[in-house]
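Undergrad: Coordinates in input.cif, mmCIF, C-alpha atoms, are listed below.
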data_query
loop_
_atom_site.label_atom_id
_atom_site.label_comp_id
_atom_site.auth_asym_id
_atom_site.auth_seq_id
_atom_site.Cartn_x
_atom_site.Cartn_y
_atom_site.Cartn_z
CA MET A 978 33.91 -137.23 15.76
CA THR A 979 35.21 -140.75 16.31
CA HIS A 980 35.08 -143.32 13.53
CA ALA A 981 36.26 -146.91 13.36
CA THR A 982 39.47 -147.26 11.41
CA GLY A 983 39.71 -148.73 7.94
CA LEU A 984 36.59 -147.17 6.39
CA ALA A 985 38.33 -145.52 3.43
CA ALA A 986 38.29 -148.69 1.32
CA GLN A 987 34.61 -149.39 2.00
CA GLN A 988 31.52 -148.07 0.27
CA VAL A 989 30.26 -145.11 2.32
CA ILE A 990 26.67 -144.07 1.61
CA GLU A 991 25.66 -140.64 2.88
CA LEU A 992 21.95 -140.59 3.66
CA PRO A 993 19.88 -137.38 3.80
CA ALA A 994 19.95 -135.07 6.81
CA ASP A 995 16.21 -134.31 6.85
CA ASP A 996 13.88 -136.86 8.45
CA ARG A 997 11.09 -138.34 6.36
CA PRO A 998 8.21 -138.85 8.86
CA LEU A 999 6.62 -142.30 9.15
CA ASP A 1000 3.23 -143.14 10.65
CA ALA A 1001 3.51 -145.48 13.66
CA GLU A 1002 -0.14 -146.60 13.71
CA PHE A 1003 0.62 -150.33 13.77
CA GLN A 1004 -2.25 -152.83 13.88
CA GLU A 1005 -2.48 -154.57 17.25
CA VAL A 1006 -2.85 -158.35 16.88
CA TYR A 1007 -3.01 -159.43 20.54
CA ARG A 1008 -1.52 -158.90 23.98
CA VAL A 1009 -0.64 -161.37 26.72
CA GLY A 1010 0.44 -160.90 30.31
CA SER A 1011 -1.81 -159.83 33.17
CA VAL A 1012 -2.20 -160.48 36.88
CA SER A 1013 -5.91 -161.04 36.21
CA GLY A 1014 -5.35 -163.32 33.20
CA ASP A 1015 -4.92 -167.06 32.92
CA GLU A 1016 -2.18 -168.62 35.02
CA TRP A 1017 0.11 -169.22 32.04
CA GLU A 1018 0.26 -165.51 31.20
CA ILE A 1019 1.24 -164.25 34.64
CA PHE A 1020 4.87 -163.44 33.92
CA GLY A 1021 7.45 -162.78 36.61
CA ARG A 1022 10.07 -161.05 34.50
CA VAL A 1023 10.11 -161.01 30.70
CA SER A 1024 13.81 -160.87 29.83
CA ALA A 1025 13.47 -161.61 26.11
CA VAL A 1026 10.96 -162.47 23.38
CA GLY A 1027 11.30 -163.92 19.90
CA PHE A 1028 9.37 -165.32 16.93
CA GLY A 1029 9.71 -168.51 14.92
CA GLN A 1030 8.94 -168.72 11.20
CA SER A 1031 5.44 -170.06 11.99
CA GLY A 1032 4.61 -166.74 13.66
CA ALA A 1033 4.54 -168.25 17.15
CA LEU A 1034 5.80 -165.97 19.91
CA TYR A 1035 8.28 -167.23 22.53
CA VAL A 1036 8.41 -165.44 25.88
CA MET A 1037 11.37 -165.97 28.23
CA ASP A 1038 10.15 -165.58 31.81
CA ASP A 1039 13.51 -165.92 33.53
CA GLN A 1040 12.09 -165.36 37.01
CA GLY A 1041 9.96 -168.46 36.55
CA GLY A 1042 12.65 -170.33 34.60
CA ARG A 1043 10.22 -171.06 31.78
CA ILE A 1044 9.54 -170.31 28.12
CA VAL A 1045 5.93 -169.68 27.09
CA VAL A 1046 4.86 -170.23 23.47
CA VAL A 1047 1.93 -168.18 22.14
CA GLY A 1048 0.09 -168.85 18.86
CA ARG A 1049 -0.60 -166.36 16.07
CA GLU A 1050 -3.95 -165.35 17.58
CA GLY A 1051 -2.63 -164.95 21.13
CA GLU A 1052 -3.65 -168.43 22.31
CA PHE A 1053 -1.56 -170.52 24.69
CA VAL A 1054 0.39 -173.28 22.89
CA ARG A 1055 2.80 -174.70 25.46
CA GLU A 1056 5.42 -173.85 28.03
CA PHE A 1057 8.69 -175.60 28.78
CA GLY A 1058 11.77 -175.27 30.96
CA ARG A 1059 11.98 -174.96 34.73
CA ILE A 1060 14.45 -174.34 37.54
CA GLY A 1061 16.52 -177.42 38.40
CA ASP A 1062 19.64 -179.40 37.65
CA GLY A 1063 18.22 -182.00 35.27
CA PRO A 1064 18.27 -182.09 31.44
CA GLY A 1065 16.60 -179.01 29.99
CA GLU A 1066 16.38 -177.30 33.38
CA PHE A 1067 17.94 -173.97 34.32
CA SER A 1068 20.15 -173.44 37.33
CA SER A 1069 18.60 -171.31 40.07
CA SER A 1070 21.83 -169.27 40.10
CA SER A 1071 21.16 -168.30 36.48
CA ASN A 1072 18.19 -166.10 37.40
CA THR A 1073 18.35 -162.80 35.41
CA ALA A 1074 21.63 -163.86 33.76
CA VAL A 1075 20.34 -166.09 30.97
CA GLY A 1076 20.76 -165.37 27.29
CA PHE A 1077 17.83 -166.40 25.10
CA THR A 1078 16.99 -166.42 21.42
CA VAL A 1079 14.69 -168.14 18.93
CA LEU A 1080 16.02 -169.62 15.72
CA ARG A 1081 13.92 -169.21 12.59
CA ASN A 1082 12.73 -172.80 12.62
CA GLY A 1083 11.29 -172.36 16.11
CA ARG A 1084 14.10 -174.04 18.01
CA THR A 1085 15.19 -172.09 21.08
CA VAL A 1086 18.62 -171.53 22.59
CA VAL A 1087 19.14 -170.56 26.22
CA PHE A 1088 22.52 -169.83 27.73
CA ASP A 1089 22.49 -171.08 31.31
CA PRO A 1090 25.51 -169.67 33.21
CA GLY A 1091 24.80 -171.81 36.26
CA HIS A 1092 25.44 -174.91 34.16
CA SER A 1093 27.95 -173.12 31.88
CA ALA A 1094 26.14 -174.44 28.83
CA PHE A 1095 23.73 -173.65 26.03
CA GLN A 1096 20.42 -175.50 26.40
CA LEU A 1097 18.80 -176.35 23.03
CA PHE A 1098 15.09 -177.08 22.63
CA GLY A 1099 13.20 -178.27 19.57
CA SER A 1100 10.33 -176.38 17.96
CA ASP A 1101 7.98 -178.64 19.93
CA GLY A 1102 9.55 -177.52 23.22
CA GLU A 1103 11.28 -180.84 23.82
CA PHE A 1104 14.79 -180.65 25.21
CA GLU A 1105 17.31 -181.68 22.55
CA ARG A 1106 20.73 -181.40 24.13
CA SER A 1107 23.16 -179.31 26.12
CA VAL A 1108 26.27 -177.74 24.55
CA ARG A 1109 28.87 -176.97 27.20
CA MET A 1110 31.29 -174.06 27.18
CA PRO A 1111 35.03 -174.85 26.92
CA GLY A 1112 37.30 -174.86 29.94
CA SER A 1113 36.32 -174.24 33.54
CA SER A 1114 35.58 -170.50 33.50
CA LEU A 1115 32.33 -169.01 34.69
CA TYR A 1116 30.65 -167.42 31.68
CA LEU A 1117 28.00 -164.72 31.53
CA ILE A 1118 26.18 -164.13 28.24
CA ARG A 1119 23.18 -161.86 28.68
CA THR A 1120 22.24 -161.18 25.06
CA LEU A 1121 21.91 -163.63 22.18
CA ALA A 1122 20.74 -163.19 18.61
CA PRO A 1123 20.13 -165.92 16.03
CA ALA A 1124 22.66 -166.29 13.26
CA ARG A 1125 20.70 -166.58 10.04
CA ASP A 1126 22.13 -170.05 9.36
CA GLY A 1127 19.36 -171.44 11.57
CA VAL A 1128 21.78 -173.30 13.84
CA ASN A 1129 24.16 -170.96 15.63
CA VAL A 1130 23.99 -167.72 17.64
CA ILE A 1131 25.83 -164.39 17.84
CA THR A 1132 26.57 -162.08 20.74
CA THR A 1133 28.71 -159.11 21.73
CA SER A 1134 28.53 -159.82 25.47
CA VAL A 1135 30.72 -162.62 26.76
CA GLY A 1136 32.12 -162.34 30.26
CA ALA A 1137 34.47 -165.07 31.50
CA PHE A 1138 35.79 -165.37 35.02
CA GLY A 1139 38.34 -167.88 36.27
CA SER A 1140 40.73 -170.06 34.32
CA GLY A 1141 40.58 -172.43 31.42
CA GLY A 1142 38.81 -170.18 28.91
CA PRO A 1143 39.00 -166.81 27.18
CA SER A 1144 39.43 -165.05 30.54
CA GLY A 1145 43.10 -166.08 30.47
CA ASP A 1146 43.72 -164.43 27.09
CA PRO A 1147 45.30 -160.97 26.73
CA GLU A 1148 42.96 -157.98 26.59
CA PRO A 1149 42.13 -157.50 22.88
CA THR A 1150 42.62 -154.18 21.12
CA PHE A 1151 39.21 -154.56 19.45
CA ARG A 1152 35.67 -155.45 20.49
CA PRO A 1153 34.56 -158.79 19.08
CA VAL A 1154 31.25 -159.91 17.66
CA TYR A 1155 31.19 -163.62 18.46
CA ARG A 1156 29.48 -166.49 16.73
CA PHE A 1157 28.94 -169.61 18.82
CA VAL A 1158 28.82 -172.80 16.76
CA LEU A 1159 26.51 -175.22 18.57
CA THR A 1160 26.71 -178.30 16.37
CA GLY A 1161 28.99 -180.32 18.67
CA GLU A 1162 29.09 -181.27 22.34
CA GLU A 1163 31.22 -178.20 23.13
CA ALA A 1164 30.53 -174.67 21.88
CA VAL A 1165 33.05 -173.24 19.42
CA GLN A 1166 33.56 -169.50 19.84
CA ASP A 1167 34.53 -167.65 16.64
CA THR A 1168 35.24 -163.94 16.27
CA VAL A 1169 33.24 -162.81 13.23
CA VAL A 1170 33.84 -159.05 13.43
CA ARG A 1171 36.65 -157.09 15.06
CA ALA A 1172 34.91 -153.84 15.88
CA TRP A 1173 36.51 -150.59 16.99
CA LYS A 1174 37.32 -150.27 20.70
CA PRO A 1175 37.41 -146.86 22.44
CA ALA A 1176 40.60 -146.11 24.34
CA GLY A 1177 40.53 -145.87 28.12
CA ASP A 1178 38.10 -147.11 30.74
CA ALA A 1179 35.33 -144.53 30.40
CA SER A 1180 31.86 -145.97 31.02
CA GLY A 1181 29.78 -142.79 30.85
CA PHE A 1182 28.51 -142.35 27.27
CA ARG A 1183 30.94 -145.00 26.04
CA PRO A 1184 29.91 -145.98 22.47
CA GLU A 1185 28.17 -149.34 22.65
CA LEU A 1186 28.85 -152.22 20.31
CA VAL A 1187 25.51 -153.51 19.00
CA ALA A 1188 25.32 -156.17 16.28
CA ARG A 1189 22.46 -157.98 14.55
CA ALA A 1190 22.20 -160.59 11.81
CA LEU A 1191 20.92 -159.96 8.28
CA PRO A 1192 18.93 -162.43 6.12
CA ASP A 1193 21.90 -163.07 3.80
CA GLY A 1194 24.05 -164.24 6.73
CA GLY A 1195 25.85 -160.92 7.06
CA LEU A 1196 25.86 -158.58 10.04
CA VAL A 1197 25.00 -154.97 10.73
CA TYR A 1198 26.63 -153.21 13.65
CA THR A 1199 27.44 -149.87 15.23
CA ASP A 1200 30.55 -149.31 17.34
CA SER A 1201 31.38 -145.59 17.42
CA SER A 1202 29.98 -142.25 18.57
CA ALA A 1203 29.25 -141.24 14.96
CA TYR A 1204 26.18 -142.15 12.93
CA ALA A 1205 27.96 -144.96 11.09
CA VAL A 1206 25.90 -148.11 10.55
CA LYS A 1207 28.25 -150.81 9.28
CA ILE A 1208 27.33 -153.73 7.03
CA ALA A 1209 29.54 -156.82 6.99
CA GLY A 1210 29.32 -159.92 4.83
CA PRO A 1211 28.94 -163.47 6.19
CA ASN A 1212 32.74 -163.65 6.59
CA GLY A 1213 32.75 -160.50 8.74
CA GLU A 1214 34.38 -158.29 6.11
CA LEU A 1215 33.13 -154.69 6.23
CA THR A 1216 31.48 -153.84 2.91
CA ARG A 1217 29.33 -150.76 3.43
CA VAL A 1218 28.86 -147.89 5.90
CA LEU A 1219 25.56 -145.98 6.09
CA THR A 1220 25.88 -142.46 7.50
CA ARG A 1221 23.67 -139.49 8.30
CA PRO A 1222 25.15 -136.05 9.07
CA PHE A 1223 24.39 -135.95 12.81
CA GLN A 1224 27.29 -134.90 15.01
CA PRO A 1225 28.11 -136.29 18.47
CA GLU A 1226 27.77 -133.71 21.23
CA PRO A 1227 30.91 -132.95 23.30
CA VAL A 1228 30.56 -133.98 26.96
CA THR A 1229 30.75 -130.85 29.13
CA ASP A 1230 30.94 -130.53 32.91
CA ARG A 1231 27.22 -129.77 32.96
CA ILE A 1232 26.42 -132.92 30.99
CA ARG A 1233 28.65 -135.00 33.30
CA ASP A 1234 26.98 -133.63 36.44
CA GLU A 1235 23.46 -134.15 35.09
CA GLU A 1236 24.22 -137.72 34.00
CA VAL A 1237 25.68 -138.60 37.42
CA GLU A 1238 22.59 -137.13 39.08
CA ARG A 1239 20.29 -139.08 36.75
CA GLN A 1240 22.05 -142.39 37.38
CA LEU A 1241 22.08 -141.82 41.15
CA ALA A 1242 18.33 -141.20 41.05
CA GLU A 1243 17.79 -144.44 39.09
CA ASN A 1244 19.95 -146.29 41.59
CA GLU A 1245 17.81 -145.09 44.50
CA GLU A 1246 14.62 -145.92 42.60
CA ARG A 1247 15.77 -149.52 42.16
CA LEU A 1248 16.50 -149.69 45.89
CA ALA A 1249 13.05 -148.35 46.80
CA GLY A 1250 11.35 -150.93 44.58
CA SER A 1251 13.18 -153.96 46.01
CA ASP A 1252 12.66 -155.99 49.17
CA ASP A 1253 15.87 -157.96 48.56
CA ARG A 1254 18.00 -158.04 51.70
CA LEU A 1255 21.07 -157.46 49.54
CA ALA A 1256 19.52 -154.49 47.74
CA ALA A 1257 21.01 -151.93 50.12
CA ALA A 1258 24.52 -153.33 49.62
CA ARG A 1259 24.08 -153.32 45.84
CA ALA A 1260 22.79 -149.75 45.98
CA GLU A 1261 25.85 -148.62 47.94
CA LEU A 1262 28.12 -150.26 45.39
CA GLY A 1263 26.12 -148.50 42.67
CA ARG A 1264 26.58 -145.11 44.34
CA ALA A 1265 30.33 -145.61 44.56
CA ARG A 1266 30.56 -146.72 40.93
CA ILE A 1267 28.51 -143.80 39.65
CA ALA A 1268 30.38 -141.21 41.73
CA SER A 1269 33.74 -142.38 40.34
CA MET A 1270 32.55 -142.92 36.77
CA GLU A 1271 34.74 -141.66 33.95
CA PHE A 1272 33.18 -140.23 30.80
CA TYR A 1273 33.82 -140.60 27.12
CA HIS A 1274 34.50 -137.24 25.47
CA GLU A 1275 31.30 -137.11 23.39
CA VAL A 1276 27.73 -138.41 23.43
CA PRO A 1277 27.12 -141.12 20.78
CA VAL A 1278 24.46 -140.42 18.17
CA VAL A 1279 23.18 -144.03 17.97
CA ARG A 1280 21.63 -145.65 21.06
CA ASP A 1281 20.30 -148.95 19.70
CA LEU A 1282 20.03 -151.03 16.54
CA ARG A 1283 17.78 -153.94 15.49
CA THR A 1284 17.04 -155.82 12.27
CA GLY A 1285 13.59 -156.78 11.01
CA TRP A 1286 12.58 -160.24 9.81
CA GLU A 1287 13.21 -159.28 6.17
CA GLY A 1288 16.34 -157.24 6.89
CA THR A 1289 15.14 -153.68 7.49
CA ILE A 1290 17.53 -151.92 9.89
CA TRP A 1291 16.02 -149.98 12.80
CA VAL A 1292 18.36 -147.35 14.27
CA ARG A 1293 17.46 -145.50 17.49
CA ARG A 1294 19.14 -142.09 17.70
CA ARG A 1295 19.68 -140.09 20.88
CA GLY A 1296 17.06 -137.53 21.87
CA GLU A 1297 17.25 -133.90 22.90
CA GLU A 1298 18.81 -134.85 26.24
CA PRO A 1299 22.09 -136.80 26.13
CA ALA A 1300 20.65 -139.95 27.75
CA SER A 1301 17.21 -139.83 26.14
CA ASP A 1302 15.76 -141.78 23.22
CA GLY A 1303 15.24 -139.93 19.96
CA PRO A 1304 13.78 -140.82 16.56
CA ILE A 1305 14.03 -144.28 15.01
CA ASP A 1306 15.42 -144.43 11.47
CA LEU A 1307 14.57 -147.25 9.07
CA LEU A 1308 17.27 -148.20 6.57
CA THR A 1309 17.88 -151.03 4.11
CA PRO A 1310 21.17 -152.95 4.02
CA ASP A 1311 21.86 -151.72 0.47
CA GLY A 1312 21.78 -148.13 1.66
CA ARG A 1313 18.25 -146.81 1.18
CA TYR A 1314 16.67 -144.50 3.75
CA ILE A 1315 12.99 -145.40 4.27
CA GLY A 1316 12.05 -142.80 6.87
CA SER A 1317 11.94 -142.03 10.59
CA TYR A 1318 9.54 -142.39 13.50
CA ALA A 1319 9.37 -139.44 15.87
CA ALA A 1320 10.94 -139.94 19.30
CA ASP A 1321 7.61 -140.45 21.07
CA ALA A 1322 5.83 -142.33 18.24
CA THR A 1323 6.89 -145.89 19.08
CA ALA A 1324 9.20 -147.92 21.24
CA MET A 1325 11.84 -150.08 19.60
CA PRO A 1326 10.37 -153.55 18.95
CA ARG A 1327 11.85 -156.23 21.16
CA ALA A 1328 11.40 -158.89 18.47
CA PHE A 1329 10.50 -159.16 14.78
CA GLY A 1330 8.58 -162.00 13.17
CA PRO A 1331 7.22 -163.09 9.78
CA ASP A 1332 4.40 -161.22 8.00
CA GLY A 1333 5.30 -157.95 9.75
CA LEU A 1334 4.79 -159.20 13.31
CA VAL A 1335 6.62 -157.27 16.03
CA ALA A 1336 6.55 -157.61 19.81
CA PHE A 1337 6.82 -154.91 22.47
CA VAL A 1338 7.13 -155.38 26.23
CA GLU A 1339 5.12 -152.91 28.31
CA ARG A 1340 4.81 -152.55 32.09
CA ASP A 1341 1.88 -151.20 34.09
CA GLU A 1342 1.97 -149.08 37.24
CA LEU A 1343 2.58 -152.24 39.29
CA ASP A 1344 5.51 -153.21 37.04
CA VAL A 1345 3.58 -156.19 35.64
CA PRO A 1346 4.89 -157.06 32.14
CA THR A 1347 2.60 -157.37 29.13
CA VAL A 1348 3.76 -158.49 25.68
CA VAL A 1349 1.98 -156.62 22.90
CA VAL A 1350 2.15 -158.04 19.36
CA LYS A 1351 1.46 -155.73 16.43
CA ARG A 1352 1.77 -155.89 12.65
CA LEU A 1353 3.89 -153.55 10.54
CA PRO A 1354 2.62 -152.29 7.17
CA PRO A 1355 4.21 -154.03 4.14
CA GLU A 1356 6.18 -150.99 2.99
CA ILE A 1357 8.46 -150.95 6.07
CA ARG A 1358 8.98 -154.66 6.71
#
How does this structure look as structure tokens?

TA:
Amino acid sequence: MTHATGLAAQQVIELPADDRPLDAEFQEVYRVGSVSGDEWEIFGRVSAVGFGQSGALYVMDDQGGRIVVVGREGEFVREFGRIGDGPGEFSSSSNTAVGFTVLRNGRTVVFDPGHSAFQLFGSDGEFERSVRMPGSSLYLIRTLAPARDGVNVITTSVGAFGSGGPSGDPEPTFRPVYRFVLTGEEAVQDTVVRAWKPAGDASGFRPELVARALPDGGLVYTDSSAYAVKIAGPNGELTRVLTRPFQPEPVTDRIRDEEVERQLAENEERLAGSDDRLAAARAELGRARIASMEFYHEVPVVRDLRTGWEGTIWVRRRGEEPASDGPIDLLTPDGRYIGSYAADATAMPRAFGPDGLVAFVERDELDVPTVVVKRLPPEIR
């Protein structure tokens, strides 16, 4: 079992091995998104969703280059943003590569790689300003989460290509959780957490670094193959580790072969569903990458992690098959185990809002996205 280093001095809380079943009968509040609906709710591709403290839902339709705001009862409020090169517009080259998040006060932040800048919008949808990235590198930031200070954002995914930015720095021996300070004309990139980094270049079953913000300004993250959910304070210092006695499974030749076969099948499925003239070339590159893929020596226990509006930690474990989703555990930052949802009981919410609101993104047989908003019971919020 692989653990991050330096845990001995931290508080380690061992949670029970037996699951405590939870009922996933959440109350549906509304759903939006349909080819037969109003024009505003015909989404091209829903890349991200988020809530503001008013309970309004924000939907990032990156194919259309727009953000749609939905009221608490599912009514249309407004939409803003579009493809272009003017203020508050998104570069056409940014399609599918934008990072998006909603701050608690309803302001939205979009990272636009085509313009190498964060675009900031007010709670009324009006464009406020652009915060450029430093240097002349090309940056890719696909995932953003709001820092709980109501101003800045965090991410674990920053790719920089070219010169004049972090791309010229030596390869770090850790994996960073970044905070981007957006109060000036140029973004300031701080490393908040130095998470454990697996040795080697293995991509198959490599333990992911996933980090989310907590209401007190701290962070929760997972970075190893073990069930070790790590709590850090606002300064990034590790204070607590929540564990359950689930062991990572060693990667055998059979597991390797089955995972390669599964990824090849997914690669061909993406090719079959695309009319892009470059799809065949991308598929061939995908085949070569998958065939030469190296594997980590064990299958991580944790597959995903989110935090609720009030701080509840949602942990998705692996399922019976190495690459499948298993149960979802609900924990509190102070180390209490609330219970678990069975593997097939519920998807992981894509966003959490006030008063127990959660949003899921579903797709029909035609791959049309629908956003479904439900309400969690008070005892698990």

Undergrad: Counting only C-alpha atoms, which of A:Gln987, A:Arg1106, A:Val1276, A:Asp1039 gets nearest to Glu1297 (chain A)?

TA: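 Going through A:Gln987, A:Arg1106, A:Val1276, A:Asp1039 one by one, the smallest distance to Glu1297 (chain A) is for A:Val1276.
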
Undergrad: Could you write out as a VMD selection string the residues that the PyMOL selection byres ((chain A and resi 1226) around 10) matches in the shown file?

TA: chain A and resid 978 1202 to 1203 1223 to 1225 1227 to 1229 1232 1274 to 1278 1299

Undergrad: Would you write out, as JSON lines, a table of all residues in region 1001-1068 of chain A that have an atom no more than 12 Å from an atom of region 1311-1328 of chain A, listing for each the closest atom pair and the distance in Å to one decimal, considering only C-alpha atoms and ordering rows by chain and rising residue number?

TA:
{"residue": "A:Ala1001", "atom": "CA", "partner": "A:Ala1322", "partner_atom": "CA", "distance": 6.0}
{"residue": "A:Glu1002", "atom": "CA", "partner": "A:Ala1322", "partner_atom": "CA", "distance": 8.6}
{"residue": "A:Phe1003", "atom": "CA", "partner": "A:Thr1323", "partner_atom": "CA", "distance": 9.3}
{"residue": "A:Val1023", "atom": "CA", "partner": "A:Arg1327", "partner_atom": "CA", "distance": 10.8}
{"residue": "A:Ser1024", "atom": "CA", "partner": "A:Arg1327", "partner_atom": "CA", "distance": 10.0}
{"residue": "A:Ala1025", "atom": "CA", "partner": "A:Arg1327", "partner_atom": "CA", "distance": 7.5}
{"residue": "A:Val1026", "atom": "CA", "partner": "A:Ala1328", "partner_atom": "CA", "distance": 6.1}
{"residue": "A:Gly1027", "atom": "CA", "partner": "A:Ala1328", "partner_atom": "CA", "distance": 5.2}
{"residue": "A:Phe1028", "atom": "CA", "partner": "A:Ala1328", "partner_atom": "CA", "distance": 6.9}
{"residue": "A:Gly1029", "atom": "CA", "partner": "A:Ala1328", "partner_atom": "CA", "distance": 10.4}
{"residue": "A:Gly1032", "atom": "CA", "partner": "A:Ala1328", "partner_atom": "CA", "distance": 11.4}
{"residue": "A:Ala1033", "atom": "CA", "partner": "A:Ala1328", "partner_atom": "CA", "distance": 11.7}
{"residue": "A:Leu1034", "atom": "CA", "partner": "A:Ala1328", "partner_atom": "CA", "distance": 9.1}
{"residue": "A:Tyr1035", "atom": "CA", "partner": "A:Ala1328", "partner_atom": "CA", "distance": 9.8}
{"residue": "A:Val1036", "atom": "CA", "partner": "A:Ala1328", "partner_atom": "CA", "distance": 10.3}

Undergrad: Identify all residues satisfying the PyMOL selection byres ((chain A and resi 1213) around 9) in the given file; provide them as a PyMOL selection string.

TA: chain A and resi 1168-1171+1195-1196+1208-1212+1214-1216

Undergrad: Determine the residue membership of the PyMOL selection byres ((chain A and resi 1125) around 7) for the file above and supply it as a list in words.

TA: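 Listing what the PyMOL selection byres ((chain A and resi 1125) around 7) selects in the shown file: Pro1123, Ala1124, Asp1126, Gly1127, Ala1190, Leu1191, Pro1192 and Gly1194 of chain A.
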
Undergrad: Calculated over all atoms listed in the file, which of the candidates A:Ala1260, A:Phe1329, A:Arg1189, A:Asp1015 has the smallest distance to Arg1081 (chain A)?

TA: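 Once distances to Arg1081 (chain A) are computed over all atoms listed in the file, the minimum belongs to A:Phe1329.
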
Undergrad: Would you list the contacts of Leu1353 (chain A) as a ChimeraX atom specification, taking every protein, DNA or RNA residue within 12 Å and counting only C-alpha atoms, but skipping same-chain residues closer than 6 positions in sequence?

TA: /A:999-1006,1285-1287,1289,1323,1326,1329-1336

Undergrad: So that I have them on file, write out the residues from the current selection with C-alpha atoms, as a PDB file, in the frame of the given file.

TA:
ATOM      1  CA  LEU A 999       6.620-142.300   9.150  1.00  0.00           C
ATOM      2  CA  ASP A1000       3.230-143.140  10.650  1.00  0.00           C
ATOM      3  CA  ALA A1001       3.510-145.480  13.660  1.00  0.00           C
ATOM      4  CA  GLU A1002      -0.140-146.600  13.710  1.00  0.00           C
ATOM      5  CA  PHE A1003       0.620-150.330  13.770  1.00  0.00           C
ATOM      6  CA  GLN A1004      -2.250-152.830  13.880  1.00  0.00           C
ATOM      7  CA  GLU A1005      -2.480-154.570  17.250  1.00  0.00           C
ATOM      8  CA  VAL A1006      -2.850-158.350  16.880  1.00  0.00           C
ATOM      9  CA  GLY A1285      13.590-156.780  11.010  1.00  0.00           C
ATOM     10  CA  TRP A1286      12.580-160.240   9.810  1.00  0.00           C
ATOM     11  CA  GLU A1287      13.210-159.280   6.170  1.00  0.00           C
ATOM     12  CA  THR A1289      15.140-153.680   7.490  1.00  0.00           C
ATOM     13  CA  THR A1323       6.890-145.890  19.080  1.00  0.00           C
ATOM     14  CA  PRO A1326      10.370-153.550  18.950  1.00  0.00           C
ATOM     15  CA  PHE A1329      10.500-159.160  14.780  1.00  0.00           C
ATOM     16  CA  GLY A1330       8.580-162.000  13.170  1.00  0.00           C
ATOM     17  CA  PRO A1331       7.220-163.090   9.780  1.00  0.00           C
ATOM     18  CA  ASP A1332       4.400-161.220   8.000  1.00  0.00           C
ATOM     19  CA  GLY A1333       5.300-157.950   9.750  1.00  0.00           C
ATOM     20  CA  LEU A1334       4.790-159.200  13.310  1.00  0.00           C
ATOM     21  CA  VAL A1335       6.620-157.270  16.030  1.00  0.00           C
ATOM     22  CA  ALA A1336       6.550-157.610  19.810  1.00  0.00           C
TER      23      ALA A1336
END

Undergrad: Using only C-alpha atoms, can you tell me which of A:Arg1259, A:Arg1264, A:Lys1174, A:Arg1358 comes closest to Leu1186 (chain A)?

TA: A:Lys1174

Undergrad: Show me as a PyMOL selection string the residues that reach within 6 Å of (18.5, -173.1, 29.9), counting all atoms listed in the file and using the file's own coordinates.

TA: chain A and resi 1066-1067+1087-1089+1096

Undergrad: Using only C-alpha atoms, can you tell me which of A:Glu1298, A:Asp1344, A:Asp1200, A:Glu1163 comes closest to Phe1095 (chain A)?

TA: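 Ranked by minimum distance to Phe1095 (chain A), first place goes to A:Glu1163.
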
Undergrad: Can you tell me, as number ranges by chain, what residues are no more than 8 Å from Ile1267 (chain A) when counting only C-alpha atoms, ignoring any on the same chain fewer than 3 positions away?

TA: A: 1237, 1240-1241, 1263-1264, 1270

Undergrad: One number please: CA of Gly1288 (chain A) to CA of Glu1052 (chain A), in Å, one decimal.

TA: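 CA of Glu1052 (chain A) lies at a distance of 27.6 Å from CA of Gly1288 (chain A).
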
Undergrad: Considering all atoms listed in the file, state which residue in the set A:Val1348, A:Val1197, A:Ala994, A:Ala1300 is at the smallest distance from Phe1182 (chain A).

TA: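 The answer is A:Ala1300, which sits nearest to Phe1182 (chain A).
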
Undergrad: Could you list, as a PDB file with C-alpha atoms, in the frame of the given file, every residue within 9 Å of Tyr1116 (chain A), counting only C-alpha atoms and ignoring same-chain residues fewer than 2 positions away?

TA:
ATOM      1  CA  ASP A1089      22.490-171.080  31.310  1.00  0.00           C
ATOM      2  CA  PRO A1090      25.510-169.670  33.210  1.00  0.00           C
ATOM      3  CA  GLY A1091      24.800-171.810  36.260  1.00  0.00           C
ATOM      4  CA  SER A1093      27.950-173.120  31.880  1.00  0.00           C
ATOM      5  CA  ALA A1094      26.140-174.440  28.830  1.00  0.00           C
ATOM      6  CA  MET A1110      31.290-174.060  27.180  1.00  0.00           C
ATOM      7  CA  SER A1114      35.580-170.500  33.500  1.00  0.00           C
ATOM      8  CA  ILE A1118      26.180-164.130  28.240  1.00  0.00           C
ATOM      9  CA  VAL A1135      30.720-162.620  26.760  1.00  0.00           C
ATOM     10  CA  GLY A1136      32.120-162.340  30.260  1.00  0.00           C
ATOM     11  CA  ALA A1137      34.470-165.070  31.500  1.00  0.00           C
ATOM     12  CA  PHE A1138      35.790-165.370  35.020  1.00  0.00           C
ATOM     13  CA  GLY A1139      38.340-167.880  36.270  1.00  0.00           C
TER      14      GLY A1139
END

Undergrad: Please measure the separation of CA of Ile1044 (chain A) and CA of Gly1010 (chain A), giving the value in Å to one decimal.

TA: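 Value for the CA of Ile1044 (chain A)-CA of Gly1010 (chain A) distance: 13.3 Å.
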
Undergrad: Considering all atoms listed in the file, state which residue in the set A:Val1009, A:Phe1077, A:Glu1018, A:Glu1162 is at the smallest distance from Gly1051 (chain A).

TA: A:Val1009

Undergrad: Could you jot down the CA of Arg1295 (chain A) to CA of Pro1184 (chain A) separation for me, Å, one decimal place?

TA: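 Taking CA of Arg1295 (chain A) as the start and CA of Pro1184 (chain A) as the end point, the length is 11.9 Å.
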
Undergrad: So that I can see what lies close to Ala1258 (chain A), please list as a PyMOL selection string the residues with an atom at most 12 Å from it, counting all atoms listed in the file and leaving out residues fewer than 6 positions away in the same chain.

TA: chain A and resi 1244-1245+1248+1251+1264-1265
